[in-house]
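K.L.:
File follows, data.cif with mmCIF, C-alpha atoms, pLDDT in the B column; chains and numbers go by the auth columns:
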data_input
loop_
_atom_site.group_PDB
_atom_site.id
_atom_site.type_symbol
_atom_site.label_atom_id
_atom_site.label_comp_id
_atom_site.label_asym_id
_atom_site.label_seq_id
_atom_site.Cartn_x
_atom_site.Cartn_y
_atom_site.Cartn_z
_atom_site.B_iso_or_equiv
_atom_site.auth_seq_id
_atom_site.auth_asym_id
ATOM 1 C CA MET A 1 -35.762 15.228 -20.353 46.00 1 A
ATOM 2 C CA ASN A 2 -39.334 14.009 -20.180 44.00 2 A
ATOM 3 C CA THR A 3 -42.093 15.947 -21.859 45.00 3 A
ATOM 4 C CA LEU A 4 -45.791 15.421 -21.478 46.00 4 A
ATOM 5 C CA LYS A 5 -47.792 14.478 -24.537 49.00 5 A
ATOM 6 C CA GLY A 6 -51.471 14.446 -25.172 48.00 6 A
ATOM 7 C CA GLU A 7 -53.860 17.255 -24.366 51.00 7 A
ATOM 8 C CA TYR A 8 -51.010 19.422 -23.079 47.00 8 A
ATOM 9 C CA GLY A 9 -49.110 19.363 -26.374 51.00 9 A
ATOM 10 C CA MET A 10 -45.614 18.147 -27.093 53.00 10 A
ATOM 11 C CA SER A 11 -43.690 20.147 -24.514 56.00 11 A
ATOM 12 C CA GLN A 12 -46.254 22.001 -22.427 61.00 12 A
ATOM 13 C CA LYS A 13 -46.416 21.220 -18.738 67.00 13 A
ATOM 14 C CA PRO A 14 -49.824 20.786 -17.115 67.00 14 A
ATOM 15 C CA GLU A 15 -51.124 23.782 -15.220 76.00 15 A
ATOM 16 C CA GLN A 16 -50.660 23.507 -11.495 79.00 16 A
ATOM 17 C CA PRO A 17 -54.026 23.189 -9.785 81.00 17 A
ATOM 18 C CA GLN A 18 -54.961 26.385 -8.022 82.00 18 A
ATOM 19 C CA PRO A 19 -55.606 25.942 -4.320 85.00 19 A
ATOM 20 C CA ARG A 20 -59.326 26.041 -3.714 88.00 20 A
ATOM 21 C CA GLN A 21 -60.647 28.288 -1.039 90.00 21 A
ATOM 22 C CA ILE A 22 -63.613 26.849 0.793 91.00 22 A
ATOM 23 C CA ARG A 23 -66.046 28.793 2.894 93.00 23 A
ATOM 24 C CA ILE A 24 -67.639 27.036 5.811 93.00 24 A
ATOM 25 C CA GLU A 25 -70.821 28.473 7.239 95.00 25 A
ATOM 26 C CA ILE A 26 -72.146 27.835 10.718 94.00 26 A
ATOM 27 C CA ASP A 27 -75.719 28.290 11.909 94.00 27 A
ATOM 28 C CA ASP A 28 -76.279 30.435 14.988 93.00 28 A
ATOM 29 C CA GLY A 29 -77.582 27.488 17.009 89.00 29 A
ATOM 30 C CA VAL A 30 -74.486 25.429 16.216 92.00 30 A
ATOM 31 C CA ALA A 31 -72.167 28.398 16.863 94.00 31 A
ATOM 32 C CA ASP A 32 -73.520 28.636 20.421 93.00 32 A
ATOM 33 C CA GLY A 33 -71.998 25.226 21.114 94.00 33 A
ATOM 34 C CA ILE A 34 -73.005 22.472 23.505 94.00 34 A
ATOM 35 C CA TYR A 35 -71.080 21.813 26.712 94.00 35 A
ATOM 36 C CA ALA A 36 -69.751 18.280 27.129 94.00 36 A
ATOM 37 C CA ASN A 37 -67.350 17.011 29.776 92.00 37 A
ATOM 38 C CA LEU A 38 -67.182 13.373 28.739 92.00 38 A
ATOM 39 C CA ALA A 39 -66.599 11.538 25.453 94.00 39 A
ATOM 40 C CA PHE A 40 -67.073 7.912 24.482 95.00 40 A
ATOM 41 C CA ILE A 41 -65.357 6.662 21.337 96.00 41 A
ATOM 42 C CA SER A 42 -66.162 3.475 19.477 96.00 42 A
ATOM 43 C CA ASN A 43 -65.318 2.271 15.996 97.00 43 A
ATOM 44 C CA ASN A 44 -65.871 -0.317 13.338 96.00 44 A
ATOM 45 C CA PRO A 45 -63.909 -0.912 10.116 96.00 45 A
ATOM 46 C CA SER A 46 -65.540 2.018 8.316 97.00 46 A
ATOM 47 C CA GLU A 47 -66.204 4.712 10.922 98.00 47 A
ATOM 48 C CA PHE A 48 -65.444 6.206 14.320 97.00 48 A
ATOM 49 C CA ILE A 49 -68.368 7.229 16.517 97.00 49 A
ATOM 50 C CA ILE A 50 -67.707 9.915 19.110 96.00 50 A
ATOM 51 C CA ASP A 51 -70.461 10.487 21.661 96.00 51 A
ATOM 52 C CA PHE A 52 -70.063 13.708 23.612 96.00 52 A
ATOM 53 C CA ALA A 53 -71.874 13.637 26.932 96.00 53 A
ATOM 54 C CA ARG A 54 -72.523 15.857 29.910 95.00 54 A
ATOM 55 C CA PHE A 55 -72.286 14.528 33.424 91.00 55 A
ATOM 56 C CA LEU A 56 -73.034 16.890 36.285 88.00 56 A
ATOM 57 C CA PRO A 57 -71.693 16.291 39.795 86.00 57 A
ATOM 58 C CA GLY A 58 -74.236 14.825 42.171 87.00 58 A
ATOM 59 C CA ASN A 59 -76.170 13.065 39.427 88.00 59 A
ATOM 60 C CA THR A 60 -76.082 9.359 38.797 89.00 60 A
ATOM 61 C CA ARG A 61 -76.745 9.662 35.074 92.00 61 A
ATOM 62 C CA GLY A 62 -75.199 11.586 32.232 93.00 62 A
ATOM 63 C CA LYS A 63 -76.646 12.368 28.828 95.00 63 A
ATOM 64 C CA VAL A 64 -75.167 12.186 25.327 97.00 64 A
ATOM 65 C CA VAL A 65 -75.564 15.671 23.885 96.00 65 A
ATOM 66 C CA SER A 66 -73.995 15.117 20.474 96.00 66 A
ATOM 67 C CA ARG A 67 -72.828 12.221 18.293 97.00 67 A
ATOM 68 C CA ILE A 68 -70.243 12.676 15.560 97.00 68 A
ATOM 69 C CA ILE A 69 -69.537 9.925 13.026 98.00 69 A
ATOM 70 C CA ILE A 70 -66.355 10.214 10.963 98.00 70 A
ATOM 71 C CA SER A 71 -64.241 8.043 8.689 98.00 71 A
ATOM 72 C CA PRO A 72 -60.983 6.498 9.944 97.00 72 A
ATOM 73 C CA VAL A 73 -59.005 8.952 7.774 97.00 73 A
ATOM 74 C CA HIS A 74 -60.820 11.898 9.346 97.00 74 A
ATOM 75 C CA ALA A 75 -60.354 10.402 12.826 97.00 75 A
ATOM 76 C CA LYS A 76 -56.592 10.276 12.212 97.00 76 A
ATOM 77 C CA ALA A 77 -56.622 13.882 10.933 97.00 77 A
ATOM 78 C CA LEU A 78 -58.630 14.938 14.013 97.00 78 A
ATOM 79 C CA LEU A 79 -56.100 13.199 16.284 97.00 79 A
ATOM 80 C CA LYS A 80 -53.223 15.026 14.566 97.00 80 A
ATOM 81 C CA SER A 81 -54.990 18.375 14.796 97.00 81 A
ATOM 82 C CA LEU A 82 -55.914 17.878 18.468 96.00 82 A
ATOM 83 C CA THR A 83 -52.356 16.810 19.303 97.00 83 A
ATOM 84 C CA GLU A 84 -50.961 19.952 17.672 98.00 84 A
ATOM 85 C CA SER A 85 -53.581 22.171 19.301 97.00 85 A
ATOM 86 C CA VAL A 86 -53.086 20.726 22.799 97.00 86 A
ATOM 87 C CA GLY A 87 -49.312 21.022 22.370 97.00 87 A
ATOM 88 C CA ALA A 88 -49.627 24.713 21.434 97.00 88 A
ATOM 89 C CA PHE A 89 -51.983 25.306 24.377 97.00 89 A
ATOM 90 C CA GLU A 90 -49.579 23.650 26.818 97.00 90 A
ATOM 91 C CA THR A 91 -46.676 25.679 25.449 97.00 91 A
ATOM 92 C CA ARG A 92 -48.596 28.885 26.189 97.00 92 A
ATOM 93 C CA SER A 93 -50.422 27.863 29.372 97.00 93 A
ATOM 94 C CA GLY A 94 -48.572 24.984 30.999 95.00 94 A
ATOM 95 C CA ALA A 95 -49.184 21.263 31.108 95.00 95 A
ATOM 96 C CA ILE A 96 -52.714 19.912 31.276 93.00 96 A
ATOM 97 C CA THR A 97 -52.998 17.334 34.041 90.00 97 A
ATOM 98 C CA LEU A 98 -55.580 14.594 33.901 85.00 98 A
ATOM 99 C CA GLU A 99 -57.702 13.918 36.951 74.00 99 A
ATOM 100 C CA PRO A 100 -57.154 10.581 38.706 64.00 100 A
ATOM 101 C CA HIS A 101 -58.996 7.717 37.042 53.00 101 A
ATOM 102 C CA ASP A 102 -60.378 6.499 40.334 50.00 102 A
ATOM 103 C CA LYS A 103 -62.198 9.743 41.096 56.00 103 A
ATOM 104 C CA ASN A 104 -65.800 9.007 42.063 53.00 104 A
ATOM 105 C CA ILE A 105 -67.949 10.696 39.448 51.00 105 A
ATOM 106 C CA GLY A 106 -71.137 8.888 40.377 48.00 106 A
ATOM 107 C CA PHE A 107 -70.827 5.774 38.259 46.00 107 A
ATOM 108 C CA GLN A 108 -68.282 3.111 37.485 49.00 108 A
ATOM 109 C CA ILE A 109 -67.376 2.137 33.962 50.00 109 A
ATOM 110 C CA ASN A 110 -66.785 -1.546 33.143 53.00 110 A
ATOM 111 C CA SER A 111 -67.762 -2.692 36.598 46.00 111 A
ATOM 112 C CA ASP A 112 -70.465 -5.022 37.846 49.00 112 A
ATOM 113 C CA LYS A 113 -70.793 -2.984 41.027 47.00 113 A
ATOM 114 C CA SER A 114 -73.143 -0.030 40.956 44.00 114 A
ATOM 115 C CA PRO A 115 -72.593 2.961 43.238 45.00 115 A
ATOM 116 C CA ASP A 116 -74.578 3.315 46.448 48.00 116 A
ATOM 117 C CA VAL A 117 -76.310 6.419 45.168 45.00 117 A
ATOM 118 C CA PRO A 118 -80.071 6.568 44.629 46.00 118 A
ATOM 119 C CA GLU A 119 -81.069 6.889 41.001 50.00 119 A
ATOM 120 C CA SER A 120 -82.341 10.329 40.032 46.00 120 A
ATOM 121 C CA ARG A 121 -85.724 10.699 38.396 47.00 121 A
ATOM 122 C CA GLU A 122 -86.095 12.680 35.198 42.00 122 A
#
Rewrite the structure of this file - the entire thing - as structure tokens.
P.N.:
Amino acid sequence: MNTLKGEYGMSQKPEQPQPRQIRIEIDDGVADGIYANLAFISNNPSEFIIDFARFLPGNTRGKVVSRIIISPVHAKALLKSLTESVGAFETRSGAITLEPHDKNIGFQINSDKSPDVPESRE
């Protein structure tokens, strides 16, 4: 039988850490949320950058409305949480189907060709 020595005494076991309860507050402006229908994800060895953007039909340009920068560990935790959440949603509501990748949304990604749509002025 192993016993712990030191600050706990000859045969005392260390106290189990009590789970901490954290309170997260959210400002009213943040709680309102921002609509995004597009996300771009990039990374480097120390962080993942997620740009959330809004692209409206009929426009030729979208706009990044929020940028989130997280560590690789948090990106993996986010992936796990999203996977679980989407799975639960699909169990309740049915499968989510992705739109075809070739749908014309006004611009082409990774292409040298630009669409034949006049550029909007802002």
K.L.:
Translate the PyMOL selection byres ((chain A and resi 39-55) around 12), as applied to the file shown, into an explicit residue set as a PyMOL selection string.
P.N.:
chain A and resi 33-38+56-76+78-79+105-107+109
K.L.:
Only C-alpha atoms, please: the residues just picked out, written as a CSV table (one decimal), in the coordinates of the input.
P.N.:
chain,number,residue,atom,x,y,z
A,33,GLY,CA,-72.0,25.2,21.1
A,34,ILE,CA,-73.0,22.5,23.5
A,35,TYR,CA,-71.1,21.8,26.7
A,36,ALA,CA,-69.8,18.3,27.1
A,37,ASN,CA,-67.4,17.0,29.8
A,38,LEU,CA,-67.2,13.4,28.7
A,56,LEU,CA,-73.0,16.9,36.3
A,57,PRO,CA,-71.7,16.3,39.8
A,58,GLY,CA,-74.2,14.8,42.2
A,59,ASN,CA,-76.2,13.1,39.4
A,60,THR,CA,-76.1,9.4,38.8
A,61,ARG,CA,-76.7,9.7,35.1
A,62,GLY,CA,-75.2,11.6,32.2
A,63,LYS,CA,-76.6,12.4,28.8
A,64,VAL,CA,-75.2,12.2,25.3
A,65,VAL,CA,-75.6,15.7,23.9
A,66,SER,CA,-74.0,15.1,20.5
A,67,ARG,CA,-72.8,12.2,18.3
A,68,ILE,CA,-70.2,12.7,15.6
A,69,ILE,CA,-69.5,9.9,13.0
A,70,ILE,CA,-66.4,10.2,11.0
A,71,SER,CA,-64.2,8.0,8.7
A,72,PRO,CA,-61.0,6.5,9.9
A,73,VAL,CA,-59.0,9.0,7.8
A,74,HIS,CA,-60.8,11.9,9.3
A,75,ALA,CA,-60.4,10.4,12.8
A,76,LYS,CA,-56.6,10.3,12.2
A,78,LEU,CA,-58.6,14.9,14.0
A,79,LEU,CA,-56.1,13.2,16.3
A,105,ILE,CA,-67.9,10.7,39.4
A,106,GLY,CA,-71.1,8.9,40.4
A,107,PHE,CA,-70.8,5.8,38.3
A,109,ILE,CA,-67.4,2.1,34.0
K.L.:
Just need the box for region 52-68 of chain A, edges along x, y and z, holding every atom the file lists for it with 3 Å tacked onto each side, so centre and edge lengths in Å to one decimal, as lines of an AutoDock Vina configuration file.
P.N.:
center_x = -73.4
center_y = 13.1
center_z = 28.9
size_x = 12.7
size_y = 13.5
size_z = 32.6
K.L.:
So what do you get for CA of Thr97 (chain A) versus CA of Ala31 (chain A), distance-wise?
P.N.:
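CA of Ala31 (chain A) lies at a distance of 28.0 Å from CA of Thr97 (chain A).
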K.L.:
If I take CA of Arg92 (chain A) and CA of Asp32 (chain A), how far is one from the other in Å, to one decimal?
P.N.:
25.6 Å
K.L.:
Would you compute the distance between CA of Leu98 (chain A) and CA of Glu84 (chain A)? Give it in Å to one decimal.
P.N.:
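Computing the Euclidean distance for CA of Leu98 (chain A) and CA of Glu84 (chain A) yields 17.7 Å.
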